[in-house]
Each structure stands twice: as C-alpha cells, then as structure tokens.
file run_30.cif (mmCIF, C-alpha atoms and all ligand atoms)
data_model
loop_
_atom_site.group_PDB
_atom_site.id
_atom_site.type_symbol
_atom_site.label_atom_id
_atom_site.label_comp_id
_atom_site.auth_asym_id
_atom_site.auth_seq_id
_atom_site.Cartn_x
_atom_site.Cartn_y
_atom_site.Cartn_z
ATOM 1 C CA LYS A 1 153.042 -24.722 -9.928
ATOM 2 C CA GLN A 2 153.018 -21.595 -7.791
ATOM 3 C CA TYR A 3 153.555 -22.097 -4.090
ATOM 4 C CA SER A 4 150.388 -21.365 -2.222
ATOM 5 C CA CYS A 5 149.934 -19.252 0.846
ATOM 6 C CA GLY A 6 148.234 -16.604 -1.236
ATOM 7 C CA GLU A 7 145.129 -14.609 -0.483
ATOM 8 C CA ASN A 8 143.367 -14.785 -3.855
ATOM 9 C CA TYR A 9 142.415 -18.374 -3.555
ATOM 10 C CA THR A 10 139.015 -19.980 -3.862
ATOM 11 C CA PRO A 11 138.756 -23.177 -1.911
ATOM 12 C CA ILE A 12 137.103 -25.923 -3.874
ATOM 13 C CA VAL A 13 135.319 -28.189 -1.468
ATOM 14 C CA ASP A 14 133.283 -30.677 -3.423
ATOM 15 C CA ILE A 15 133.044 -33.043 -0.492
ATOM 16 C CA PRO A 16 129.488 -33.589 0.758
ATOM 17 C CA THR A 17 128.575 -32.218 4.157
ATOM 18 C CA TRP A 18 127.579 -34.459 7.016
ATOM 19 C CA ALA A 19 123.999 -33.237 6.567
ATOM 20 C CA GLN A 20 124.080 -34.572 2.991
ATOM 21 C CA GLN A 21 125.857 -37.760 4.001
ATOM 22 C CA ALA A 22 123.621 -38.425 6.991
ATOM 23 C CA GLY A 23 120.512 -37.440 5.032
ATOM 24 C CA ALA A 24 121.430 -39.825 2.254
ATOM 25 C CA ALA A 25 122.007 -42.556 4.799
ATOM 26 C CA LYS A 26 118.828 -41.680 6.754
ATOM 27 C CA GLY A 27 121.069 -40.391 9.505
ATOM 28 C CA LEU A 28 119.949 -38.864 12.732
ATOM 29 C CA ASN A 29 121.235 -35.340 12.786
ATOM 30 C CA ASP A 30 121.038 -34.006 9.240
ATOM 31 C CA GLY A 31 118.800 -31.253 10.638
ATOM 32 C CA ASP A 32 121.502 -29.987 12.983
ATOM 33 C CA PRO A 33 122.773 -26.665 11.537
ATOM 34 C CA LEU A 34 126.341 -27.624 12.392
ATOM 35 C CA ALA A 35 125.985 -30.715 10.203
ATOM 36 C CA ARG A 36 125.898 -28.409 7.184
ATOM 37 C CA ARG A 37 129.420 -27.206 7.937
ATOM 38 C CA VAL A 38 131.072 -30.504 8.825
ATOM 39 C CA SER A 39 132.201 -33.344 6.553
ATOM 40 C CA LEU A 40 133.547 -36.803 7.094
ATOM 41 C CA HIS A 41 136.015 -37.704 4.365
ATOM 42 C CA VAL A 42 138.030 -40.869 3.906
ATOM 43 C CA GLY A 43 141.349 -40.421 2.175
ATOM 44 C CA ASP A 44 144.666 -38.652 1.912
ATOM 45 C CA ILE A 45 144.585 -35.236 3.593
ATOM 46 C CA THR A 46 147.359 -33.957 1.294
ATOM 47 C CA LYS A 47 144.916 -33.988 -1.646
ATOM 48 C CA LEU A 48 142.429 -31.537 -0.134
ATOM 49 C CA GLU A 49 142.152 -28.143 -1.816
ATOM 50 C CA ILE A 50 141.038 -26.031 1.118
ATOM 51 C CA ASP A 51 142.312 -23.193 3.304
ATOM 52 C CA ALA A 52 144.254 -25.375 5.735
ATOM 53 C CA ILE A 53 145.078 -28.948 6.541
ATOM 54 C CA VAL A 54 146.227 -29.939 10.018
ATOM 55 C CA ASN A 55 149.429 -31.904 10.473
ATOM 56 C CA ALA A 56 149.844 -34.326 13.383
ATOM 57 C CA ALA A 57 153.487 -33.337 13.852
ATOM 58 C CA ASN A 58 156.080 -33.965 16.573
ATOM 59 C CA ASN A 59 157.794 -31.456 18.874
ATOM 60 C CA SER A 60 160.649 -30.823 16.446
ATOM 61 C CA LEU A 61 158.308 -29.897 13.555
ATOM 62 C CA LEU A 62 161.009 -31.281 11.272
ATOM 63 C CA GLY A 63 158.939 -34.094 9.801
ATOM 64 C CA GLY A 64 158.261 -37.681 10.747
ATOM 65 C CA GLY A 65 156.226 -40.679 9.667
ATOM 66 C CA GLY A 66 152.515 -41.134 9.090
ATOM 67 C CA VAL A 67 150.510 -38.115 8.045
ATOM 68 C CA ASP A 68 153.462 -35.827 8.871
ATOM 69 C CA GLY A 69 155.677 -37.626 6.345
ATOM 70 C CA ALA A 70 152.933 -37.571 3.726
ATOM 71 C CA ILE A 71 152.416 -33.809 4.179
ATOM 72 C CA HIS A 72 156.138 -33.013 3.943
ATOM 73 C CA ARG A 73 156.543 -35.192 0.845
ATOM 74 C CA ALA A 74 153.598 -33.566 -0.891
ATOM 75 C CA ALA A 75 154.472 -29.985 0.142
ATOM 76 C CA GLY A 76 158.103 -30.222 -0.993
ATOM 77 C CA PRO A 77 161.330 -29.202 0.770
ATOM 78 C CA LEU A 78 160.408 -25.564 1.436
ATOM 79 C CA LEU A 79 157.934 -26.689 4.076
ATOM 80 C CA LYS A 80 160.767 -28.046 6.175
ATOM 81 C CA VAL A 81 162.730 -24.830 5.694
ATOM 82 C CA GLU A 82 159.843 -22.800 7.117
ATOM 83 C CA CYS A 83 159.215 -25.350 9.896
ATOM 84 C CA ALA A 84 162.878 -25.164 10.962
ATOM 85 C CA GLN A 85 162.431 -21.436 11.613
ATOM 86 C CA LEU A 86 159.608 -22.109 14.062
ATOM 87 C CA LYS A 87 161.918 -23.671 16.672
ATOM 88 C CA GLY A 88 159.634 -26.580 17.458
ATOM 89 C CA CYS A 89 156.200 -26.726 19.028
ATOM 90 C CA GLU A 90 154.955 -27.689 22.505
ATOM 91 C CA THR A 91 152.585 -30.600 22.915
ATOM 92 C CA GLY A 92 149.034 -29.268 22.673
ATOM 93 C CA ASP A 93 150.097 -26.153 20.758
ATOM 94 C CA ALA A 94 149.917 -25.435 16.995
ATOM 95 C CA LYS A 95 151.865 -23.313 14.489
ATOM 96 C CA ALA A 96 150.949 -22.297 10.933
ATOM 97 C CA THR A 97 153.030 -22.462 7.754
ATOM 98 C CA CYS A 98 152.285 -22.088 4.065
ATOM 99 C CA GLY A 99 151.213 -25.153 2.119
ATOM 100 C CA TYR A 100 153.826 -24.782 -0.676
ATOM 101 C CA LYS A 101 153.133 -27.469 -3.296
ATOM 102 C CA LEU A 102 150.061 -28.714 -1.459
ATOM 103 C CA PRO A 103 146.664 -27.718 -2.797
ATOM 104 C CA ALA A 104 145.927 -26.395 0.703
ATOM 105 C CA ARG A 105 147.003 -22.795 1.394
ATOM 106 C CA TYR A 106 148.192 -23.406 4.935
ATOM 107 C CA VAL A 107 149.383 -26.258 7.119
ATOM 108 C CA LEU A 108 148.532 -26.021 10.812
ATOM 109 C CA HIS A 109 151.120 -28.143 12.592
ATOM 110 C CA THR A 110 150.007 -29.422 15.954
ATOM 111 C CA VAL A 111 151.643 -31.827 18.394
ATOM 112 C CA GLY A 112 149.338 -34.327 20.007
ATOM 113 C CA PRO A 113 149.971 -36.134 23.286
ATOM 114 C CA MET A 114 151.441 -39.630 23.332
ATOM 115 C CA GLY A 115 149.181 -42.376 24.665
ATOM 116 C CA SER A 116 146.983 -40.214 26.895
ATOM 117 C CA GLY A 117 146.282 -36.607 27.822
ATOM 118 C CA ASP A 118 142.751 -35.459 27.035
ATOM 119 C CA GLU A 119 143.467 -31.808 27.816
ATOM 120 C CA ALA A 120 146.452 -31.665 25.449
ATOM 121 C CA LEU A 121 144.482 -33.307 22.650
ATOM 122 C CA ARG A 122 141.590 -30.882 23.144
ATOM 123 C CA SER A 123 144.101 -28.067 23.017
ATOM 124 C CA CYS A 124 145.449 -29.316 19.651
ATOM 125 C CA TYR A 125 142.017 -28.920 18.068
ATOM 126 C CA SER A 126 141.250 -25.582 19.684
ATOM 127 C CA ARG A 127 144.689 -24.095 18.949
ATOM 128 C CA CYS A 128 144.294 -25.026 15.262
ATOM 129 C CA LEU A 129 140.909 -23.318 15.182
ATOM 130 C CA GLU A 130 142.405 -20.254 16.877
ATOM 131 C CA LEU A 131 145.071 -20.174 14.144
ATOM 132 C CA ALA A 132 142.274 -20.395 11.582
ATOM 133 C CA ARG A 133 140.733 -17.324 13.214
ATOM 134 C CA GLN A 134 144.075 -15.449 13.229
ATOM 135 C CA HIS A 135 144.665 -16.144 9.530
ATOM 136 C CA GLY A 136 141.035 -15.721 8.449
ATOM 137 C CA LEU A 137 140.725 -19.307 7.249
ATOM 138 C CA THR A 138 137.274 -20.744 6.707
ATOM 139 C CA SER A 139 137.908 -24.381 5.729
ATOM 140 C CA VAL A 140 140.071 -26.727 7.787
ATOM 141 C CA ALA A 141 140.698 -30.485 7.575
ATOM 142 C CA PHE A 142 141.810 -32.495 10.614
ATOM 143 C CA PRO A 143 143.441 -35.925 10.599
ATOM 144 C CA CYS A 144 142.937 -38.222 13.605
ATOM 145 C CA ILE A 145 145.606 -36.514 15.723
ATOM 146 C CA SER A 146 147.653 -38.768 18.038
ATOM 147 C CA THR A 147 145.838 -41.982 17.108
ATOM 148 C CA GLY A 148 148.593 -43.424 14.902
ATOM 149 C CA VAL A 149 152.156 -43.807 16.142
ATOM 150 C CA TYR A 150 151.314 -41.739 19.252
ATOM 151 C CA GLY A 151 148.866 -44.436 20.347
ATOM 152 C CA PHE A 152 146.024 -42.354 21.798
ATOM 153 C CA PRO A 153 142.864 -44.528 22.018
ATOM 154 C CA ALA A 154 140.910 -43.866 18.818
ATOM 155 C CA GLU A 155 137.409 -43.616 20.280
ATOM 156 C CA ARG A 156 138.411 -41.278 23.080
ATOM 157 C CA ALA A 157 140.311 -39.167 20.540
ATOM 158 C CA ALA A 158 137.338 -39.009 18.168
ATOM 159 C CA LYS A 159 135.024 -37.870 20.969
ATOM 160 C CA ILE A 160 137.463 -35.128 21.949
ATOM 161 C CA ALA A 161 137.833 -34.060 18.297
ATOM 162 C CA LEU A 162 134.084 -33.792 17.751
ATOM 163 C CA GLU A 163 133.339 -32.110 21.097
ATOM 164 C CA THR A 164 136.082 -29.511 20.688
ATOM 165 C CA VAL A 165 135.139 -28.620 17.126
ATOM 166 C CA ARG A 166 131.426 -28.460 17.978
ATOM 167 C CA ASP A 167 132.157 -26.188 20.904
ATOM 168 C CA PHE A 168 134.208 -23.824 18.709
ATOM 169 C CA LEU A 169 131.661 -23.723 15.868
ATOM 170 C CA ALA A 170 128.798 -23.103 18.265
ATOM 171 C CA ASN A 171 130.387 -20.842 20.882
ATOM 172 C CA ASP A 172 133.480 -19.054 19.577
ATOM 173 C CA LYS A 173 133.074 -15.578 18.040
ATOM 174 C CA TYR A 174 134.811 -16.823 14.893
ATOM 175 C CA GLY A 175 132.846 -20.097 14.867
ATOM 176 C CA GLU A 176 130.157 -18.803 12.518
ATOM 177 C CA LYS A 177 132.801 -17.713 9.988
ATOM 178 C CA ILE A 178 133.998 -21.298 9.551
ATOM 179 C CA GLU A 179 132.426 -22.664 6.395
ATOM 180 C CA ARG A 180 133.705 -26.214 6.551
ATOM 181 C CA ILE A 181 135.476 -28.560 8.914
ATOM 182 C CA ILE A 182 136.533 -31.852 7.354
ATOM 183 C CA PHE A 183 137.360 -34.805 9.549
ATOM 184 C CA CYS A 184 139.753 -36.578 7.205
ATOM 185 C CA VAL A 185 140.016 -40.173 8.373
ATOM 186 C CA PHE A 186 142.403 -42.642 6.832
ATOM 187 C CA LEU A 187 141.436 -45.985 8.356
ATOM 188 C CA ASP A 188 138.160 -47.893 7.959
ATOM 189 C CA ALA A 189 137.997 -48.289 11.736
ATOM 190 C CA ASP A 190 138.102 -44.495 12.174
ATOM 191 C CA TYR A 191 135.467 -44.032 9.471
ATOM 192 C CA ARG A 192 133.139 -46.381 11.380
ATOM 193 C CA LEU A 193 133.887 -44.617 14.644
ATOM 194 C CA TYR A 194 133.156 -41.127 13.292
ATOM 195 C CA THR A 195 130.014 -42.376 11.548
ATOM 196 C CA GLN A 196 128.746 -43.624 14.902
ATOM 197 C CA LEU A 197 129.789 -40.541 16.865
ATOM 198 C CA LEU A 198 128.877 -37.731 14.466
ATOM 199 C CA PRO A 199 125.123 -38.005 15.061
HETATM 200 P P1 LIG B 201 150.442 -39.394 15.485
HETATM 201 O O1 LIG B 201 151.928 -39.464 15.626
HETATM 202 O O2 LIG B 201 149.873 -38.062 15.945
HETATM 203 O O3 LIG B 201 149.742 -40.564 16.068
HETATM 204 P P2 LIG B 201 150.185 -40.498 12.779
HETATM 205 O O4 LIG B 201 150.547 -39.841 11.502
HETATM 206 O O5 LIG B 201 150.966 -41.696 13.189
HETATM 207 O O6 LIG B 201 150.209 -39.344 13.894
HETATM 208 O O7 LIG B 201 148.652 -40.913 12.736
HETATM 209 C C1 LIG B 201 147.588 -40.003 12.831
HETATM 210 C C2 LIG B 201 146.456 -40.444 11.916
HETATM 211 O O8 LIG B 201 146.746 -40.030 10.576
HETATM 212 C C3 LIG B 201 146.232 -41.955 11.843
HETATM 213 O O9 LIG B 201 144.836 -42.198 11.910
HETATM 214 C C4 LIG B 201 146.761 -42.321 10.448
HETATM 215 O O10 LIG B 201 146.061 -43.445 9.937
HETATM 216 C C5 LIG B 201 146.398 -41.072 9.685
HETATM 217 N N1 LIG B 201 147.082 -40.835 8.406
HETATM 218 C C6 LIG B 201 148.258 -41.327 7.954
HETATM 219 N N2 LIG B 201 148.537 -40.844 6.727
HETATM 220 C C7 LIG B 201 147.508 -40.003 6.399
HETATM 221 C C8 LIG B 201 147.185 -39.198 5.256
HETATM 222 N N3 LIG B 201 147.989 -39.118 4.190
HETATM 223 N N4 LIG B 201 146.032 -38.486 5.278
HETATM 224 C C9 LIG B 201 145.215 -38.522 6.349
HETATM 225 N N5 LIG B 201 145.449 -39.248 7.454
HETATM 226 C C10 LIG B 201 146.585 -39.993 7.476
#

call {"tool": "encode", "arguments": {"input": "run_30.cif", "output": "structure tokens", "more": "lines below"}}
Ligand code: ADP
result
Amino acid sequence: KQYSCGENYTPIVDIPTWAQQAGAAKGLNDGDPLARRVSLHVGDITKLEIDAIVNAANNSLLGGGGVDGAIHRAAGPLLKVECAQLKGCETGDAKATCGYKLPARYVLHTVGPMGSGDEALRSCYSRCLELARQHGLTSVAFPCISTGVYGFPAERAAKIALETVRDFLANDKYGEKIERIIFCVFLDADYRLYTQLLP
C-alpha cells in the first residue's frame, strides 16, 4: 500500500451526517445547516478514510496509550520517525504529519490538558482546524481529546468540542470550506453524551 499524504485523494465519507441521523431519530436540529456537515460516529478513528484524523497525543509526540497507541500501530513506524522530527508539542497546540499506512491522509497531533483547563482544550480543537485550513483539508475526525487517561470530565469536554467546532464552521473564513467534521466517539457513554448535546 502506498503511504498517503498525497494530493490526488478522494475522501470517502459514507458516514451519515447529523442531519440524517437526527432526522431519522426525529431529532431536534436536523434543519440546522451545520448539521449537514457534522457526523457522530462510534468506532475506531484509525479506520476512517478522510483528509485528517486527530490524535490525542502527549507532549513528546512519540506515542502512548489509548487512541495515540492505536494511531501509531495502524500508521506504521514511519509516523514515529516524522513525529520525532517535530520536537514535541505544547499543551493546547497541534502539529500535522502524514497518515502513512492509515486510510487518512494526515494526522493532526494535539496535546490536551490533564484533568482541567478549558482554554487549552478549546485551543486543541481550534489549532487542529487551523491546520486543516493551512493544508486545505476538508474532512476531519476528532476523538474525545483528554477524556481518557488525561481525565478531563467528559461532559465538559464534549461541550467545549462542540462549541469550538461550531464557532469555527460558522465564523472562520475557512469554515465554509469544511465539508465534514466527524466526532468519533469510542465509548457508549460518550455516544450518549454527544447525542444529547449535538441538538
Ligand atoms: P487522552 O490521553 O487525551 O485522555 P486517550 O487516548 O486516553 O487520550 O483517550 C481519549 C479518547 O479516545 C477516549 O474517549 C478513548 O475512549 C478514545 N479512544 C481510544 N482508542 C480509540 C480509537 N481507536 N478510536 C477512537 N477513539 C479512541
């Protein structure tokens, strides 16, 4: 398989949008235009064939457990080689690499705060979207940053995730270019939380 960071790539997003999901479930906000560009997906983020997946990394960017470990395993060893050249990443910042063996073209590595720090968590989401703008990416999947080993309260984190992404889609110059944001949750509890908060 060719390593991917290429430009001639057609993202295949066959995941329903929130408008379709909410509509099917008689949801509240399927008429919201932003709902046609947002999806809630349960599963392994490493399987998504889109422009970029976000990694909840640590300051070293050299790999770890949780979603970070899964992404490094699926991308293969060259991901770590590229990450090592980045000389780490500050909490709240994000850095882009290729996706290598992943079906995603890019990985946006961001470092969430431990335990608390709303501003830093907000910054993780907005820095990833700024990287999307810099690289011309139009589909991005986020895991629930900081809510695993880093212990950030899940509901507070979900609210910050949704608010920050909504603000970017609605108000940033590049926001209208974004075709799809996928909130890729892994736990049933997070799925329930996002289902409640997305409307
Ligand atoms: P952090 O250190 O930022 O808390 P973790 O990886 O421990 O990062 O957890 C972040 C979130 O990622 C958690 O909700 C966890 O359940 C989820 N997660 C773990 N593996 C995957 C995966 N393969 N795909 C998507 N999400 C995952």

call {"tool": "residues_near_ligand", "arguments": {"input": "run_30.cif", "ligand": "ligand LIG 201 (chain B)", "cutoff": "7 Å", "atoms": "all atoms listed in the file", "output": "VMD selection string"}}
result
chain A and resid 43 to 46 56 to 58 65 to 68 70 to 71 111 to 112 143 to 151 184 to 187

call {"tool": "write_last_selection", "arguments": {"input": "run_30.cif", "atoms": "C-alpha atoms", "output": "PDB file, in the frame of the given file"}}
result
ATOM      1  CA  GLY A  43     141.349 -40.421   2.175  1.00  0.00           C
ATOM      2  CA  ASP A  44     144.666 -38.652   1.912  1.00  0.00           C
ATOM      3  CA  ILE A  45     144.585 -35.236   3.593  1.00  0.00           C
ATOM      4  CA  THR A  46     147.359 -33.957   1.294  1.00  0.00           C
ATOM      5  CA  ALA A  56     149.844 -34.326  13.383  1.00  0.00           C
ATOM      6  CA  ALA A  57     153.487 -33.337  13.852  1.00  0.00           C
ATOM      7  CA  ASN A  58     156.080 -33.965  16.573  1.00  0.00           C
ATOM      8  CA  GLY A  65     156.226 -40.679   9.667  1.00  0.00           C
ATOM      9  CA  GLY A  66     152.515 -41.134   9.090  1.00  0.00           C
ATOM     10  CA  VAL A  67     150.510 -38.115   8.045  1.00  0.00           C
ATOM     11  CA  ASP A  68     153.462 -35.827   8.871  1.00  0.00           C
ATOM     12  CA  ALA A  70     152.933 -37.571   3.726  1.00  0.00           C
ATOM     13  CA  ILE A  71     152.416 -33.809   4.179  1.00  0.00           C
ATOM     14  CA  VAL A 111     151.643 -31.827  18.394  1.00  0.00           C
ATOM     15  CA  GLY A 112     149.338 -34.327  20.007  1.00  0.00           C
ATOM     16  CA  PRO A 143     143.441 -35.925  10.599  1.00  0.00           C
ATOM     17  CA  CYS A 144     142.937 -38.222  13.605  1.00  0.00           C
ATOM     18  CA  ILE A 145     145.606 -36.514  15.723  1.00  0.00           C
ATOM     19  CA  SER A 146     147.653 -38.768  18.038  1.00  0.00           C
ATOM     20  CA  THR A 147     145.838 -41.982  17.108  1.00  0.00           C
ATOM     21  CA  GLY A 148     148.593 -43.424  14.902  1.00  0.00           C
ATOM     22  CA  VAL A 149     152.156 -43.807  16.142  1.00  0.00           C
ATOM     23  CA  TYR A 150     151.314 -41.739  19.252  1.00  0.00           C
ATOM     24  CA  GLY A 151     148.866 -44.436  20.347  1.00  0.00           C
ATOM     25  CA  CYS A 184     139.753 -36.578   7.205  1.00  0.00           C
ATOM     26  CA  VAL A 185     140.016 -40.173   8.373  1.00  0.00           C
ATOM     27  CA  PHE A 186     142.403 -42.642   6.832  1.00  0.00           C
ATOM     28  CA  LEU A 187     141.436 -45.985   8.356  1.00  0.00           C
TER      29      LEU A 187
END

call {"tool": "closest_residue", "arguments": {"input": "run_30.cif", "among": "A:Ser39, A:Ser139, A:Ser116, A:Asn59", "to": "Cys89 (chain A)", "atoms": "all atoms listed in the file"}}
result
A:Asn59

call {"tool": "resolve_selection", "arguments": {"input": "run_30.cif", "expression": "the PyMOL selection byres (((chain A and resi 193) around 12) and not hetatm)", "output": "list in words"}}
result
Leu40, Cys144, Pro153, Ala154, Glu155, Arg156, Ala157, Ala158, Lys159, Ala161, Leu162, Phe183, Val185, Phe186, Leu187, Asp188, Ala189, Asp190, Tyr191, Arg192, Tyr194, Thr195, Gln196, Leu197, Leu198 and Pro199 of chain A

call {"tool": "write_last_selection", "arguments": {"input": "run_30.cif", "atoms": "C-alpha atoms", "output": "PDB file, in the frame of the given file"}}
result
ATOM      1  CA  LEU A  40     133.547 -36.803   7.094  1.00  0.00           C
ATOM      2  CA  CYS A 144     142.937 -38.222  13.605  1.00  0.00           C
ATOM      3  CA  PRO A 153     142.864 -44.528  22.018  1.00  0.00           C
ATOM      4  CA  ALA A 154     140.910 -43.866  18.818  1.00  0.00           C
ATOM      5  CA  GLU A 155     137.409 -43.616  20.280  1.00  0.00           C
ATOM      6  CA  ARG A 156     138.411 -41.278  23.080  1.00  0.00           C
ATOM      7  CA  ALA A 157     140.311 -39.167  20.540  1.00  0.00           C
ATOM      8  CA  ALA A 158     137.338 -39.009  18.168  1.00  0.00           C
ATOM      9  CA  LYS A 159     135.024 -37.870  20.969  1.00  0.00           C
ATOM     10  CA  ALA A 161     137.833 -34.060  18.297  1.00  0.00           C
ATOM     11  CA  LEU A 162     134.084 -33.792  17.751  1.00  0.00           C
ATOM     12  CA  PHE A 183     137.360 -34.805   9.549  1.00  0.00           C
ATOM     13  CA  VAL A 185     140.016 -40.173   8.373  1.00  0.00           C
ATOM     14  CA  PHE A 186     142.403 -42.642   6.832  1.00  0.00           C
ATOM     15  CA  LEU A 187     141.436 -45.985   8.356  1.00  0.00           C
ATOM     16  CA  ASP A 188     138.160 -47.893   7.959  1.00  0.00           C
ATOM     17  CA  ALA A 189     137.997 -48.289  11.736  1.00  0.00           C
ATOM     18  CA  ASP A 190     138.102 -44.495  12.174  1.00  0.00           C
ATOM     19  CA  TYR A 191     135.467 -44.032   9.471  1.00  0.00           C
ATOM     20  CA  ARG A 192     133.139 -46.381  11.380  1.00  0.00           C
ATOM     21  CA  TYR A 194     133.156 -41.127  13.292  1.00  0.00           C
ATOM     22  CA  THR A 195     130.014 -42.376  11.548  1.00  0.00           C
ATOM     23  CA  GLN A 196     128.746 -43.624  14.902  1.00  0.00           C
ATOM     24  CA  LEU A 197     129.789 -40.541  16.865  1.00  0.00           C
ATOM     25  CA  LEU A 198     128.877 -37.731  14.466  1.00  0.00           C
ATOM     26  CA  PRO A 199     125.123 -38.005  15.061  1.00  0.00           C
TER      27      PRO A 199
END

call {"tool": "resolve_selection", "arguments": {"input": "run_30.cif", "expression": "the PyMOL selection byres (((chain A and resi 76) around 10) and not hetatm)", "output": "ChimeraX atom specification"}}
result
/A:3,71-75,77-81,99-102

call {"tool": "closest_residue", "arguments": {"input": "run_30.cif", "among": "A:His41, A:Arg127, A:Arg166, A:Arg36", "to": "Asp93 (chain A)", "atoms": "only C-alpha atoms"}}
result
A:Arg127

call {"tool": "closest_residue", "arguments": {"input": "run_30.cif", "among": "A:Leu137, A:Leu129, A:Val54, A:Ala19", "to": "Leu34 (chain A)", "atoms": "only C-alpha atoms"}}
result
A:Ala19

call {"tool": "closest_residue", "arguments": {"input": "run_30.cif", "among": "A:Cys5, A:Leu86, A:Arg133, A:Phe142", "to": "Gly175 (chain A)", "atoms": "all atoms listed in the file"}}
result
A:Arg133

call {"tool": "closest_residue", "arguments": {"input": "run_30.cif", "among": "A:Cys83, A:Ile160, A:Ile182, A:Leu48", "to": "Ala35 (chain A)", "atoms": "all atoms listed in the file"}}
result
A:Ile182

call {"tool": "residues_around", "arguments": {"input": "run_30.cif", "residues": "Ala120 (chain A)", "least_positions_apart": "3", "cutoff": "6 Å", "atoms": "only C-alpha atoms", "output": "PDB file with C-alpha atoms, keeping the file's coordinate frame"}}
result
ATOM      1  CA  GLY A  92     149.034 -29.268  22.673  1.00  0.00           C
ATOM      2  CA  GLY A 117     146.282 -36.607  27.822  1.00  0.00           C
ATOM      3  CA  SER A 123     144.101 -28.067  23.017  1.00  0.00           C
TER       4      SER A 123
END

call {"tool": "atom_distance", "arguments": {"input": "run_30.cif", "atom1": "CA of Cys98 (chain A)", "atom2": "CA of Gln85 (chain A)"}}
result
12.7 Å

call {"tool": "atom_distance", "arguments": {"input": "run_30.cif", "atom1": "CA of Arg105 (chain A)", "atom2": "CA of Ala132 (chain A)"}}
result
11.5 Å

call {"tool": "atom_distance", "arguments": {"input": "run_30.cif", "atom1": "CA of Ala84 (chain A)", "atom2": "CA of Val165 (chain A)"}}
result
28.6 Å

call {"tool": "resolve_selection", "arguments": {"input": "run_30.cif", "expression": "the PyMOL selection byres (((chain A and resi 174) around 10) and not hetatm)", "output": "list in words"}}
result
Leu129, Glu130, Ala132, Arg133, Gln134, Gly136, Leu137, Thr138, Phe168, Leu169, Ala170, Asn171, Asp172, Lys173, Gly175, Glu176, Lys177 and Ile178 of chain A

call {"tool": "closest_residue", "arguments": {"input": "run_30.cif", "among": "A:Cys124, A:Leu131, A:Ile15, A:Ile53", "to": "Arg37 (chain A)", "atoms": "all atoms listed in the file"}}
result
A:Ile15
